Each structure stands twice: as structure tokens, then as C-alpha cells.
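A.B. asks: My structure is in protein11.pdb, and what it holds is PDB, N, CA and C atoms:
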```
ATOM      1  N   MET A   1     107.934 118.464 102.624
ATOM      2  CA  MET A   1     109.213 118.923 102.149
ATOM      3  C   MET A   1     110.012 119.569 103.275
ATOM      4  N   ASP A   2     109.327 120.266 104.156
ATOM      5  CA  ASP A   2     110.012 120.922 105.265
ATOM      6  C   ASP A   2     110.713 119.915 106.159
ATOM      7  N   MET A   3     110.069 118.766 106.395
ATOM      8  CA  MET A   3     110.664 117.743 107.246
ATOM      9  C   MET A   3     111.946 117.200 106.628
ATOM     10  N   VAL A   4     111.954 116.973 105.326
ATOM     11  CA  VAL A   4     113.151 116.484 104.646
ATOM     12  C   VAL A   4     114.274 117.509 104.770
ATOM     13  N   MET A   5     113.958 118.763 104.542
ATOM     14  CA  MET A   5     114.978 119.809 104.640
ATOM     15  C   MET A   5     115.505 119.919 106.069
ATOM     16  N   LYS A   6     114.631 119.791 107.044
ATOM     17  CA  LYS A   6     115.037 119.847 108.446
ATOM     18  C   LYS A   6     115.965 118.677 108.785
ATOM     19  N   LEU A   7     115.593 117.471 108.368
ATOM     20  CA  LEU A   7     116.435 116.295 108.606
ATOM     21  C   LEU A   7     117.761 116.416 107.863
ATOM     22  N   GLY A   8     117.713 116.967 106.658
ATOM     23  CA  GLY A   8     118.918 117.144 105.854
ATOM     24  C   GLY A   8     119.904 118.119 106.451
ATOM     25  N   ALA A   9     119.435 118.960 107.347
ATOM     26  CA  ALA A   9     120.293 119.965 107.977
ATOM     27  C   ALA A   9     120.825 119.527 109.337
ATOM     28  N   GLN A  10     120.474 118.337 109.790
ATOM     29  CA  GLN A  10     120.855 117.907 111.140
ATOM     30  C   GLN A  10     122.285 117.400 111.255
ATOM     31  N   SER A  11     122.940 117.179 110.151
ATOM     32  CA  SER A  11     124.277 116.596 110.153
ATOM     33  C   SER A  11     125.004 117.100 108.911
ATOM     34  N   PRO A  12     126.347 117.128 108.929
ATOM     35  CA  PRO A  12     127.065 117.568 107.722
ATOM     36  C   PRO A  12     126.747 116.731 106.486
ATOM     37  N   VAL A  13     126.484 115.421 106.673
ATOM     38  CA  VAL A  13     126.112 114.554 105.554
ATOM     39  C   VAL A  13     124.908 113.721 105.978
ATOM     40  N   VAL A  14     123.847 113.785 105.186
ATOM     41  CA  VAL A  14     122.636 113.010 105.450
ATOM     42  C   VAL A  14     122.273 112.265 104.171
ATOM     43  N   ILE A  15     121.998 110.963 104.327
ATOM     44  CA  ILE A  15     121.606 110.142 103.185
ATOM     45  C   ILE A  15     120.238 109.538 103.465
ATOM     46  N   PHE A  16     119.309 109.759 102.551
ATOM     47  CA  PHE A  16     118.004 109.109 102.607
ATOM     48  C   PHE A  16     118.086 107.902 101.678
ATOM     49  N   SER A  17     117.756 106.741 102.205
ATOM     50  CA  SER A  17     117.908 105.520 101.424
ATOM     51  C   SER A  17     116.846 104.503 101.794
ATOM     52  N   ARG A  18     116.982 103.332 101.214
ATOM     53  CA  ARG A  18     116.195 102.154 101.591
ATOM     54  C   ARG A  18     117.193 101.104 102.039
ATOM     55  N   SER A  19     116.794 100.303 103.000
ATOM     56  CA  SER A  19     117.707  99.297 103.543
ATOM     57  C   SER A  19     118.111  98.258 102.496
ATOM     58  N   THR A  20     117.322  98.081 101.466
ATOM     59  CA  THR A  20     117.600  97.070 100.443
ATOM     60  C   THR A  20     118.215  97.646  99.172
ATOM     61  N   CYS A  21     118.534  98.919  99.170
ATOM     62  CA  CYS A  21     119.055  99.577  97.969
ATOM     63  C   CYS A  21     120.577  99.467  97.910
ATOM     64  N   CYS A  22     121.081  98.696  96.962
ATOM     65  CA  CYS A  22     122.526  98.497  96.861
ATOM     66  C   CYS A  22     123.249  99.768  96.419
ATOM     67  N   ILE A  23     122.602 100.603  95.630
ATOM     68  CA  ILE A  23     123.224 101.860  95.207
ATOM     69  C   ILE A  23     123.384 102.787  96.410
ATOM     70  N   SER A  24     122.373 102.833  97.275
ATOM     71  CA  SER A  24     122.473 103.642  98.496
ATOM     72  C   SER A  24     123.634 103.163  99.352
ATOM     73  N   HIS A  25     123.772 101.854  99.477
ATOM     74  CA  HIS A  25     124.865 101.292 100.267
ATOM     75  C   HIS A  25     126.220 101.679  99.663
ATOM     76  N   THR A  26     126.312 101.655  98.340
ATOM     77  CA  THR A  26     127.552 102.024  97.655
ATOM     78  C   THR A  26     127.915 103.486  97.912
ATOM     79  N   ILE A  27     126.929 104.368  97.831
ATOM     80  CA  ILE A  27     127.170 105.796  98.068
ATOM     81  C   ILE A  27     127.566 106.022  99.523
ATOM     82  N   GLU A  28     126.899 105.346 100.446
ATOM     83  CA  GLU A  28     127.252 105.450 101.864
ATOM     84  C   GLU A  28     128.696 105.002 102.084
ATOM     85  N   THR A  29     129.084 103.897 101.481
ATOM     86  CA  THR A  29     130.445 103.384 101.620
ATOM     87  C   THR A  29     131.462 104.362 101.041
ATOM     88  N   LEU A  30     131.162 104.932  99.879
ATOM     89  CA  LEU A  30     132.052 105.916  99.257
ATOM     90  C   LEU A  30     132.286 107.093 100.203
ATOM     91  N   ILE A  31     131.224 107.630 100.757
ATOM     92  CA  ILE A  31     131.335 108.790 101.639
ATOM     93  C   ILE A  31     132.070 108.418 102.923
ATOM     94  N   ARG A  32     131.799 107.253 103.471
ATOM     95  CA  ARG A  32     132.511 106.796 104.671
ATOM     96  C   ARG A  32     134.003 106.604 104.398
ATOM     97  N   ASN A  33     134.361 106.192 103.186
ATOM     98  CA  ASN A  33     135.769 105.996 102.844
ATOM     99  C   ASN A  33     136.567 107.298 102.876
ATOM    100  N   PHE A  34     135.891 108.413 102.760
ATOM    101  CA  PHE A  34     136.555 109.710 102.913
ATOM    102  C   PHE A  34     136.750 110.066 104.389
ATOM    103  N   GLY A  35     136.109 109.319 105.287
ATOM    104  CA  GLY A  35     136.206 109.575 106.720
ATOM    105  C   GLY A  35     134.985 110.251 107.300
ATOM    106  N   ALA A  36     133.982 110.486 106.491
ATOM    107  CA  ALA A  36     132.751 111.118 106.979
ATOM    108  C   ALA A  36     131.872 110.072 107.671
ATOM    109  N   ASN A  37     131.026 110.547 108.549
ATOM    110  CA  ASN A  37     130.086 109.689 109.258
ATOM    111  C   ASN A  37     128.668 110.193 108.971
ATOM    112  N   PRO A  38     128.101 109.768 107.840
ATOM    113  CA  PRO A  38     126.794 110.298 107.458
ATOM    114  C   PRO A  38     125.670 109.797 108.359
ATOM    115  N   THR A  39     124.658 110.627 108.506
ATOM    116  CA  THR A  39     123.416 110.195 109.141
ATOM    117  C   THR A  39     122.588 109.531 108.052
ATOM    118  N   ILE A  40     122.103 108.337 108.345
ATOM    119  CA  ILE A  40     121.361 107.560 107.353
ATOM    120  C   ILE A  40     119.908 107.426 107.798
ATOM    121  N   TYR A  41     118.990 107.744 106.907
ATOM    122  CA  TYR A  41     117.569 107.522 107.146
ATOM    123  C   TYR A  41     117.093 106.482 106.141
ATOM    124  N   GLU A  42     116.830 105.278 106.613
ATOM    125  CA  GLU A  42     116.301 104.223 105.749
ATOM    126  C   GLU A  42     114.782 104.326 105.782
ATOM    127  N   LEU A  43     114.235 104.883 104.725
ATOM    128  CA  LEU A  43     112.826 105.257 104.720
ATOM    129  C   LEU A  43     111.886 104.070 104.800
ATOM    130  N   ASP A  44     112.328 102.898 104.375
ATOM    131  CA  ASP A  44     111.466 101.723 104.483
ATOM    132  C   ASP A  44     111.357 101.236 105.926
ATOM    133  N   ARG A  45     112.141 101.818 106.823
ATOM    134  CA  ARG A  45     112.095 101.437 108.237
ATOM    135  C   ARG A  45     111.504 102.536 109.123
ATOM    136  N   LEU A  46     111.072 103.635 108.507
ATOM    137  CA  LEU A  46     110.488 104.747 109.257
ATOM    138  C   LEU A  46     108.985 104.794 109.027
ATOM    139  N   GLN A  47     108.246 105.147 110.078
ATOM    140  CA  GLN A  47     106.785 105.244 109.944
ATOM    141  C   GLN A  47     106.366 106.262 108.899
ATOM    142  N   ASN A  48     107.064 107.376 108.848
ATOM    143  CA  ASN A  48     106.709 108.426 107.889
ATOM    144  C   ASN A  48     107.563 108.349 106.620
ATOM    145  N   GLY A  49     108.115 107.175 106.332
ATOM    146  CA  GLY A  49     109.008 106.995 105.184
ATOM    147  C   GLY A  49     108.377 107.334 103.850
ATOM    148  N   ARG A  50     107.122 106.933 103.648
ATOM    149  CA  ARG A  50     106.452 107.228 102.370
ATOM    150  C   ARG A  50     106.257 108.730 102.184
ATOM    151  N   GLU A  51     105.937 109.410 103.255
ATOM    152  CA  GLU A  51     105.777 110.866 103.196
ATOM    153  C   GLU A  51     107.105 111.535 102.849
ATOM    154  N   LEU A  52     108.181 111.071 103.477
ATOM    155  CA  LEU A  52     109.501 111.627 103.189
ATOM    156  C   LEU A  52     109.914 111.332 101.746
ATOM    157  N   GLU A  53     109.590 110.146 101.260
ATOM    158  CA  GLU A  53     109.922 109.800  99.881
ATOM    159  C   GLU A  53     109.184 110.713  98.897
ATOM    160  N   ARG A  54     107.916 110.977  99.152
ATOM    161  CA  ARG A  54     107.156 111.898  98.286
ATOM    162  C   ARG A  54     107.798 113.285  98.292
ATOM    163  N   ALA A  55     108.240 113.729  99.457
ATOM    164  CA  ALA A  55     108.882 115.040  99.557
ATOM    165  C   ALA A  55     110.190 115.073  98.765
ATOM    166  N   LEU A  56     110.959 113.990  98.803
ATOM    167  CA  LEU A  56     112.197 113.926  98.029
ATOM    168  C   LEU A  56     111.905 114.008  96.534
ATOM    169  N   ILE A  57     110.850 113.356  96.095
ATOM    170  CA  ILE A  57     110.463 113.419  94.686
ATOM    171  C   ILE A  57     110.063 114.838  94.311
ATOM    172  N   GLU A  58     109.345 115.521  95.206
ATOM    173  CA  GLU A  58     108.966 116.923  94.958
ATOM    174  C   GLU A  58     110.194 117.818  94.854
ATOM    175  N   LEU A  59     111.254 117.461  95.583
ATOM    176  CA  LEU A  59     112.493 118.234  95.521
ATOM    177  C   LEU A  59     113.308 117.946  94.266
ATOM    178  N   GLY A  60     112.855 116.965  93.483
ATOM    179  CA  GLY A  60     113.521 116.666  92.225
ATOM    180  C   GLY A  60     114.380 115.423  92.229
ATOM    181  N   CYS A  61     114.343 114.634  93.272
ATOM    182  CA  CYS A  61     115.125 113.397  93.322
ATOM    183  C   CYS A  61     114.414 112.314  92.530
ATOM    184  N   GLN A  62     114.949 111.985  91.378
ATOM    185  CA  GLN A  62     114.396 110.934  90.523
ATOM    186  C   GLN A  62     115.527 110.055  90.046
ATOM    187  N   PRO A  63     115.680 108.822  90.447
ATOM    188  CA  PRO A  63     114.883 108.158  91.464
ATOM    189  C   PRO A  63     115.155 108.766  92.837
ATOM    190  N   SER A  64     114.298 108.444  93.782
ATOM    191  CA  SER A  64     114.376 109.099  95.087
ATOM    192  C   SER A  64     115.457 108.543  95.995
ATOM    193  N   PHE A  65     116.086 107.415  95.612
ATOM    194  CA  PHE A  65     117.126 106.842  96.473
ATOM    195  C   PHE A  65     118.405 106.621  95.713
ATOM    196  N   PRO A  66     119.536 106.885  96.283
ATOM    197  CA  PRO A  66     119.702 107.645  97.509
ATOM    198  C   PRO A  66     119.534 109.134  97.225
ATOM    199  N   ALA A  67     119.216 109.875  98.268
ATOM    200  CA  ALA A  67     119.182 111.334  98.202
ATOM    201  C   ALA A  67     120.194 111.821  99.229
ATOM    202  N   VAL A  68     121.162 112.610  98.785
ATOM    203  CA  VAL A  68     122.282 112.991  99.646
ATOM    204  C   VAL A  68     122.287 114.496  99.880
ATOM    205  N   PHE A  69     122.326 114.848 101.157
ATOM    206  CA  PHE A  69     122.503 116.232 101.574
ATOM    207  C   PHE A  69     123.923 116.370 102.110
ATOM    208  N   ILE A  70     124.632 117.385 101.653
ATOM    209  CA  ILE A  70     125.963 117.693 102.185
ATOM    210  C   ILE A  70     125.972 119.177 102.505
ATOM    211  N   GLY A  71     126.319 119.494 103.752
ATOM    212  CA  GLY A  71     126.351 120.896 104.153
ATOM    213  C   GLY A  71     125.003 121.562 104.064
ATOM    214  N   ASN A  72     123.952 120.872 104.478
ATOM    215  CA  ASN A  72     122.582 121.385 104.515
ATOM    216  C   ASN A  72     121.959 121.607 103.143
ATOM    217  N   GLU A  73     122.610 121.138 102.082
ATOM    218  CA  GLU A  73     122.067 121.313 100.740
ATOM    219  C   GLU A  73     121.869 119.962 100.077
ATOM    220  N   LEU A  74     120.783 119.839  99.343
ATOM    221  CA  LEU A  74     120.533 118.625  98.579
ATOM    222  C   LEU A  74     121.489 118.598  97.396
ATOM    223  N   VAL A  75     122.404 117.631  97.412
ATOM    224  CA  VAL A  75     123.361 117.478  96.312
ATOM    225  C   VAL A  75     122.723 116.670  95.196
ATOM    226  N   GLY A  76     121.949 115.650  95.573
ATOM    227  CA  GLY A  76     121.271 114.823  94.576
ATOM    228  C   GLY A  76     121.416 113.358  94.899
ATOM    229  N   GLY A  77     121.380 112.553  93.851
ATOM    230  CA  GLY A  77     121.438 111.112  94.020
ATOM    231  C   GLY A  77     122.788 110.539  93.640
ATOM    232  N   SER A  78     122.780 109.277  93.301
ATOM    233  CA  SER A  78     124.032 108.571  93.021
ATOM    234  C   SER A  78     124.774 109.157  91.822
ATOM    235  N   ASN A  79     124.057 109.571  90.791
ATOM    236  CA  ASN A  79     124.731 110.140  89.616
ATOM    237  C   ASN A  79     125.511 111.396  89.979
ATOM    238  N   GLU A  80     124.895 112.265  90.766
ATOM    239  CA  GLU A  80     125.564 113.507  91.148
ATOM    240  C   GLU A  80     126.765 113.233  92.057
ATOM    241  N   ILE A  81     126.598 112.319  93.001
ATOM    242  CA  ILE A  81     127.694 112.000  93.925
ATOM    243  C   ILE A  81     128.860 111.366  93.174
ATOM    244  N   MET A  82     128.569 110.412  92.284
ATOM    245  CA  MET A  82     129.638 109.770  91.518
ATOM    246  C   MET A  82     130.323 110.773  90.593
ATOM    247  N   SER A  83     129.562 111.668  89.996
ATOM    248  CA  SER A  83     130.145 112.700  89.137
ATOM    249  C   SER A  83     131.088 113.602  89.928
ATOM    250  N   LEU A  84     130.647 114.026  91.106
ATOM    251  CA  LEU A  84     131.516 114.843  91.960
ATOM    252  C   LEU A  84     132.791 114.093  92.321
ATOM    253  N   ASN A  85     132.664 112.820  92.623
ATOM    254  CA  ASN A  85     133.825 112.023  92.999
ATOM    255  C   ASN A  85     134.795 111.887  91.825
ATOM    256  N   ILE A  86     134.282 111.595  90.646
ATOM    257  CA  ILE A  86     135.134 111.428  89.470
ATOM    258  C   ILE A  86     135.876 112.721  89.140
ATOM    259  N   ARG A  87     135.202 113.846  89.332
ATOM    260  CA  ARG A  87     135.822 115.149  89.042
ATOM    261  C   ARG A  87     136.704 115.651  90.186
ATOM    262  N   GLY A  88     136.793 114.861  91.278
ATOM    263  CA  GLY A  88     137.638 115.248  92.408
ATOM    264  C   GLY A  88     137.042 116.331  93.286
ATOM    265  N   LYS A  89     135.742 116.522  93.213
ATOM    266  CA  LYS A  89     135.093 117.602  93.963
ATOM    267  C   LYS A  89     134.341 117.130  95.199
ATOM    268  N   LEU A  90     134.118 115.825  95.338
ATOM    269  CA  LEU A  90     133.368 115.326  96.490
ATOM    270  C   LEU A  90     134.129 115.574  97.786
ATOM    271  N   LYS A  91     135.403 115.300  97.787
ATOM    272  CA  LYS A  91     136.209 115.516  99.001
ATOM    273  C   LYS A  91     136.169 116.982  99.423
ATOM    274  N   GLN A  92     136.306 117.894  98.466
ATOM    275  CA  GLN A  92     136.250 119.327  98.759
ATOM    276  C   GLN A  92     134.914 119.712  99.377
ATOM    277  N   LEU A  93     133.843 119.155  98.849
ATOM    278  CA  LEU A  93     132.502 119.436  99.356
ATOM    279  C   LEU A  93     132.356 118.932 100.794
ATOM    280  N   LEU A  94     132.881 117.743 101.071
ATOM    281  CA  LEU A  94     132.830 117.183 102.429
ATOM    282  C   LEU A  94     133.652 118.019 103.400
ATOM    283  N   ILE A  95     134.786 118.530 102.953
ATOM    284  CA  ILE A  95     135.617 119.390 103.806
ATOM    285  C   ILE A  95     134.881 120.693 104.116
ATOM    286  N   ARG A  96     134.301 121.318 103.102
ATOM    287  CA  ARG A  96     133.569 122.573 103.312
ATOM    288  C   ARG A  96     132.378 122.413 104.245
ATOM    289  N   ALA A  97     131.789 121.216 104.260
ATOM    290  CA  ALA A  97     130.636 120.944 105.116
ATOM    291  C   ALA A  97     131.058 120.529 106.532
ATOM    292  N   ASN A  98     132.381 120.503 106.776
ATOM    293  CA  ASN A  98     132.931 120.039 108.061
ATOM    294  C   ASN A  98     132.553 118.583 108.364
ATOM    295  N   ALA A  99     132.408 117.795 107.292
ATOM    296  CA  ALA A  99     132.136 116.374 107.454
ATOM    297  C   ALA A  99     133.427 115.598 107.638
ATOM    298  N   ILE A 100     134.519 116.151 107.090
ATOM    299  CA  ILE A 100     135.845 115.544 107.257
ATOM    300  C   ILE A 100     136.856 116.664 107.480
ATOM    301  N   TRP A 101     137.981 116.290 108.049
ATOM    302  CA  TRP A 101     139.085 117.233 108.261
ATOM    303  C   TRP A 101     140.328 116.645 107.640
ATOM    304  N   VAL A 102     141.154 117.505 107.080
ATOM    305  CA  VAL A 102     142.381 117.025 106.433
ATOM    306  C   VAL A 102     143.575 117.536 107.204
TER     307      VAL A 102
END
```
Starting from the file, give its structure as C-alpha cells.

C.D. replies:
Amino acid sequence: MDMVMKLGAQSPVVIFSRSTCCISHTIETLIRNFGANPTIYELDRLQNGRELERALIELGCQPSFPAVFIGNELVGGSNEIMSLNIRGKLKQLLIRANAIWV
């Protein structure tokens, strides 16, 4: 769990995903459309990917992909990100995390 939290704090926006996950790709595209440049960890391409996936599940990510950190905090998965976007709060969160500037 410590490794996931450490990786999640390395950039204003961090997404843990799988290279074949279309939902992860959609969330990445949504965040990029705001002008953010997220750090992406595709766990199926990392040696310690299974360990990181278990840690994400321990943190409460169900399903574990995508898992999005914004401003060093675990925001959640696609449902949470889409909910924030629909309510107009995702952009504000990205601004507060210094992921984008207006």
C-alpha cells in the first residue's frame, strides 16, 4: 500500500490502469481534455503490477481499474471521476492540485 501511495504522490494526477482497459483510456482522455498531463501506470506492463493491484484493492478500489489520484489523494475509479465531472467539480479539483492552470 505504501508503494501505491508513494507513486500516487509523484504527480498532480496519477492513473493506475491496464493497457487493455477501455474505461481507463476513457478516464485518461477526459482528464487530458482538461489540459492535465497525468502519469499513467499500466499495471499489466509492470513487474510489480500484481502487487500494486492488490494494494489498490486494499485501499478500496473495486474494481481496481482505473484508480485515480489527484493532488496526492485517491479520488477513486471511473464512477467517482465521472460523477465529479458531471457535477462540475473535476476541473476545480485539477486546478487545486496544480494539474491545470486557468

A.B. asks: Might you pull out every residue within 7 Å of segment 54-66 of chain A, with all atoms listed in the file counted and same-chain residues fewer than 2 positions away left off, and present them as a list in words?

C.D. replies: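 So, after excluding close chain neighbours, the residues are Met1, Asp2, Val4, Ile15, Phe16, Ser17, Arg18, Ile23, Ser24, Gly49, Arg50, Glu51, Leu52, Val68, Gly76, Gly77 and Ser78 of chain A.
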
A.B. asks: Rounded to one decimal in Å, what is the spacing between atom C of Gly71 of chain A and atom N of Thr26 of chain A?

C.D. replies: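 About the pair atom C of Gly71 of chain A and atom N of Thr26 of chain A: they are 20.8 Å apart.
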
A.B. asks: Under the rule that only C-alpha atoms are counted, which of A:Ala67, A:Ile81, A:Ala36, A:Ile27 is the nearest residue to Ser11 of chain A?

C.D. replies: A:Ala36

A.B. asks: Translate the PyMOL selection byres ((chain A and resi 72) around 8), as applied to the file shown, into an explicit residue set as a PDB file with N, CA and C atoms, in the frame of the given file.

C.D. replies:
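In the end it all went to selection05.pdb:
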```pdb
ATOM      1  N   MET A   5     113.958 118.763 104.542  1.00  0.00           N
ATOM      2  CA  MET A   5     114.978 119.809 104.640  1.00  0.00           C
ATOM      3  C   MET A   5     115.505 119.919 106.069  1.00  0.00           C
ATOM      4  N   LEU A   7     115.593 117.471 108.368  1.00  0.00           N
ATOM      5  CA  LEU A   7     116.435 116.295 108.606  1.00  0.00           C
ATOM      6  C   LEU A   7     117.761 116.416 107.863  1.00  0.00           C
ATOM      7  N   GLY A   8     117.713 116.967 106.658  1.00  0.00           N
ATOM      8  CA  GLY A   8     118.918 117.144 105.854  1.00  0.00           C
ATOM      9  C   GLY A   8     119.904 118.119 106.451  1.00  0.00           C
ATOM     10  N   ALA A   9     119.435 118.960 107.347  1.00  0.00           N
ATOM     11  CA  ALA A   9     120.293 119.965 107.977  1.00  0.00           C
ATOM     12  C   ALA A   9     120.825 119.527 109.337  1.00  0.00           C
ATOM     13  N   GLN A  10     120.474 118.337 109.790  1.00  0.00           N
ATOM     14  CA  GLN A  10     120.855 117.907 111.140  1.00  0.00           C
ATOM     15  C   GLN A  10     122.285 117.400 111.255  1.00  0.00           C
ATOM     16  N   SER A  11     122.940 117.179 110.151  1.00  0.00           N
ATOM     17  CA  SER A  11     124.277 116.596 110.153  1.00  0.00           C
ATOM     18  C   SER A  11     125.004 117.100 108.911  1.00  0.00           C
ATOM     19  N   PRO A  12     126.347 117.128 108.929  1.00  0.00           N
ATOM     20  CA  PRO A  12     127.065 117.568 107.722  1.00  0.00           C
ATOM     21  C   PRO A  12     126.747 116.731 106.486  1.00  0.00           C
ATOM     22  N   VAL A  13     126.484 115.421 106.673  1.00  0.00           N
ATOM     23  CA  VAL A  13     126.112 114.554 105.554  1.00  0.00           C
ATOM     24  C   VAL A  13     124.908 113.721 105.978  1.00  0.00           C
ATOM     25  N   VAL A  14     123.847 113.785 105.186  1.00  0.00           N
ATOM     26  CA  VAL A  14     122.636 113.010 105.450  1.00  0.00           C
ATOM     27  C   VAL A  14     122.273 112.265 104.171  1.00  0.00           C
ATOM     28  N   VAL A  68     121.162 112.610  98.785  1.00  0.00           N
ATOM     29  CA  VAL A  68     122.282 112.991  99.646  1.00  0.00           C
ATOM     30  C   VAL A  68     122.287 114.496  99.880  1.00  0.00           C
ATOM     31  N   PHE A  69     122.326 114.848 101.157  1.00  0.00           N
ATOM     32  CA  PHE A  69     122.503 116.232 101.574  1.00  0.00           C
ATOM     33  C   PHE A  69     123.923 116.370 102.110  1.00  0.00           C
ATOM     34  N   ILE A  70     124.632 117.385 101.653  1.00  0.00           N
ATOM     35  CA  ILE A  70     125.963 117.693 102.185  1.00  0.00           C
ATOM     36  C   ILE A  70     125.972 119.177 102.505  1.00  0.00           C
ATOM     37  N   GLY A  71     126.319 119.494 103.752  1.00  0.00           N
ATOM     38  CA  GLY A  71     126.351 120.896 104.153  1.00  0.00           C
ATOM     39  C   GLY A  71     125.003 121.562 104.064  1.00  0.00           C
ATOM     40  N   GLU A  73     122.610 121.138 102.082  1.00  0.00           N
ATOM     41  CA  GLU A  73     122.067 121.313 100.740  1.00  0.00           C
ATOM     42  C   GLU A  73     121.869 119.962 100.077  1.00  0.00           C
ATOM     43  N   LEU A  74     120.783 119.839  99.343  1.00  0.00           N
ATOM     44  CA  LEU A  74     120.533 118.625  98.579  1.00  0.00           C
ATOM     45  C   LEU A  74     121.489 118.598  97.396  1.00  0.00           C
ATOM     46  N   VAL A  75     122.404 117.631  97.412  1.00  0.00           N
ATOM     47  CA  VAL A  75     123.361 117.478  96.312  1.00  0.00           C
ATOM     48  C   VAL A  75     122.723 116.670  95.196  1.00  0.00           C
ATOM     49  N   ALA A  97     131.789 121.216 104.260  1.00  0.00           N
ATOM     50  CA  ALA A  97     130.636 120.944 105.116  1.00  0.00           C
ATOM     51  C   ALA A  97     131.058 120.529 106.532  1.00  0.00           C
TER      52      ALA A  97
END
```

A.B. asks: Among chain A, which ones does DSSP assign to helix (DSSP H, G or I) (computed from the backbone)? Answer as a ChimeraX atom specification.

C.D. replies: /A:2-8,22-33,43-45,49-58,78-86,90-96

A.B. asks: Could you go through chain A and tell me which residues DSSP, when run on the backbone, assigns to strand (DSSP E or B), listing them as a PyMOL selection string?

C.D. replies: chain A and resi 13-17+39-42+67-70+73-76

A.B. asks: What is the atom N of Asn48 of chain A-atom N of Met3 of chain A distance in Å, reported with one decimal?

C.D. replies: 12.0 Å
